Amino acid sequence: MARGTALGLEAKAIMTRGELVPDELMYGIVADRLREVDCRCGFVLDGFPRTAAQAGWLDAFLEKEVFDNFDAKADTKSEKPKKCPLIVIQLLVDYNQLLLRIAGRRSCPTCGRLYNIHSQPPLVDAVCDVDGSKLVIREDDREEVISERLATYERQTKPGSGLLPWAAAPDCDQCGSHGGRGYDADFGVIDSHCVGGC
């Protein structure tokens, strides 16, 4: 969306209404991005896949566009490269904590600095510490929009989440604390699924 592509702008309009972006549109956005040169050495997807159908699409996409191409470039005399497993990290956040985090976000329209009125407020209410601009709330950060998105998640995404190949489910109820675990512990879980050096 930040790059202003046609697909990104279409997705932005849907998210602003508090709706989840349809799978077919997400597939196009993700496929376009993963075909970029900077993704050839690896990538992290945040918020995708959210459903078993999306995970299946991603698996097929990687098989066709990443692993097949990699195999074709490999030396035919050598062993085929190992495939990395699809690793999905699920962050479990309390509903009320999530509302506080998202609905509390404010941003400066001039310098782009982010604040949270609950956990990282500006020195002066509703004013940017850096340039004095009046802080704004993004349309999709309004509580009524967030509530609809979370309700849609409960209806559409959560029921199928048990089908995804979760590598870990860190408890992130406490803002920024990872439930007392460090980030190293989470990376350790990821590394344990990539035995042999993916």
# chains A, B, ... in the order shown; residues from 1 in each chain; ligands from 1
call {"tool": "select_by_dssp", "arguments": {"residues": "segment 9-164 of chain A", "states": "alpha helix (DSSP H)", "output": "ChimeraX atom specification"}}
result
/A:9-16,23-34,52-62,68-73,95-103,143-152
call {"tool": "residues_around", "arguments": {"residues": "segment 133-147 of chain A", "least_positions_apart": "2", "cutoff": "12 Å", "atoms": "only C-alpha atoms", "output": "NGL selection string"}}
result
:A and (11-20 or 95-96 or 98-117 or 121-131 or 149-154)
call {"tool": "atom_distance", "arguments": {"atom1": "atom CA of Gly8 of chain A", "atom2": "atom CA of Leu92 of chain A"}}
result
26.8 Å
call {"tool": "atom_distance", "arguments": {"atom1": "atom CA of Ala60 of chain A", "atom2": "atom CA of Val30 of chain A"}}
result
12.9 Å
call {"tool": "atom_distance", "arguments": {"atom1": "atom CA of Leu34 of chain A", "atom2": "atom CA of Glu148 of chain A"}}
result
29.2 Å
call {"tool": "residues_around", "arguments": {"residues": "Thr5 of chain A", "least_positions_apart": "3", "cutoff": "12 Å", "atoms": "only C-alpha atoms", "output": "MDAnalysis selection string"}}
result
chainID A and resid 1:2 8:12 28:29 32:33
call {"tool": "write_last_selection", "arguments": {"atoms": "N, CA, C and O atoms", "output": "PDB file, in the first residue's frame"}}
result
ATOM      1  N   MET A   1       0.822  -1.206   0.000  1.00  0.00           N
ATOM      2  CA  MET A   1       0.000   0.000   0.000  1.00  0.00           C
ATOM      3  C   MET A   1       0.858   1.260   0.000  1.00  0.00           C
ATOM      4  O   MET A   1       0.511   2.248  -0.615  1.00  0.00           O
ATOM      5  N   ALA A   2       1.990   1.198   0.740  1.00  0.00           N
ATOM      6  CA  ALA A   2       2.855   2.368   0.838  1.00  0.00           C
ATOM      7  C   ALA A   2       3.432   2.748  -0.522  1.00  0.00           C
ATOM      8  O   ALA A   2       3.734   3.918  -0.761  1.00  0.00           O
ATOM      9  N   GLY A   8      -2.603  -2.307  -4.118  1.00  0.00           N
ATOM     10  CA  GLY A   8      -2.453  -1.783  -2.762  1.00  0.00           C
ATOM     11  C   GLY A   8      -3.512  -0.755  -2.419  1.00  0.00           C
ATOM     12  O   GLY A   8      -4.065  -0.749  -1.320  1.00  0.00           O
ATOM     13  N   LEU A   9      -3.816   0.122  -3.356  1.00  0.00           N
ATOM     14  CA  LEU A   9      -4.842   1.148  -3.137  1.00  0.00           C
ATOM     15  C   LEU A   9      -6.225   0.522  -2.994  1.00  0.00           C
ATOM     16  O   LEU A   9      -7.047   0.969  -2.192  1.00  0.00           O
ATOM     17  N   GLU A  10      -6.472  -0.530  -3.772  1.00  0.00           N
ATOM     18  CA  GLU A  10      -7.747  -1.244  -3.659  1.00  0.00           C
ATOM     19  C   GLU A  10      -7.869  -1.887  -2.268  1.00  0.00           C
ATOM     20  O   GLU A  10      -8.919  -1.820  -1.631  1.00  0.00           O
ATOM     21  N   ALA A  11      -6.780  -2.476  -1.799  1.00  0.00           N
ATOM     22  CA  ALA A  11      -6.769  -3.100  -0.469  1.00  0.00           C
ATOM     23  C   ALA A  11      -6.953  -2.052   0.622  1.00  0.00           C
ATOM     24  O   ALA A  11      -7.663  -2.283   1.603  1.00  0.00           O
ATOM     25  N   LYS A  12      -6.322  -0.900   0.449  1.00  0.00           N
ATOM     26  CA  LYS A  12      -6.418   0.171   1.448  1.00  0.00           C
ATOM     27  C   LYS A  12      -7.856   0.633   1.627  1.00  0.00           C
ATOM     28  O   LYS A  12      -8.322   0.849   2.750  1.00  0.00           O
ATOM     29  N   GLY A  28      -2.614 -11.514  -5.205  1.00  0.00           N
ATOM     30  CA  GLY A  28      -1.960 -10.653  -6.195  1.00  0.00           C
ATOM     31  C   GLY A  28      -0.924  -9.744  -5.567  1.00  0.00           C
ATOM     32  O   GLY A  28       0.186  -9.579  -6.096  1.00  0.00           O
ATOM     33  N   ILE A  29      -1.269  -9.161  -4.420  1.00  0.00           N
ATOM     34  CA  ILE A  29      -0.350  -8.255  -3.727  1.00  0.00           C
ATOM     35  C   ILE A  29       0.898  -9.005  -3.272  1.00  0.00           C
ATOM     36  O   ILE A  29       2.031  -8.565  -3.488  1.00  0.00           O
ATOM     37  N   ASP A  32       3.107 -10.217  -6.283  1.00  0.00           N
ATOM     38  CA  ASP A  32       3.861  -9.110  -6.881  1.00  0.00           C
ATOM     39  C   ASP A  32       5.064  -8.747  -6.015  1.00  0.00           C
ATOM     40  O   ASP A  32       6.164  -8.525  -6.514  1.00  0.00           O
ATOM     41  N   ARG A  33       4.836  -8.702  -4.699  1.00  0.00           N
ATOM     42  CA  ARG A  33       5.925  -8.291  -3.796  1.00  0.00           C
ATOM     43  C   ARG A  33       7.024  -9.344  -3.729  1.00  0.00           C
ATOM     44  O   ARG A  33       8.221  -9.026  -3.720  1.00  0.00           O
TER      45      ARG A  33
END
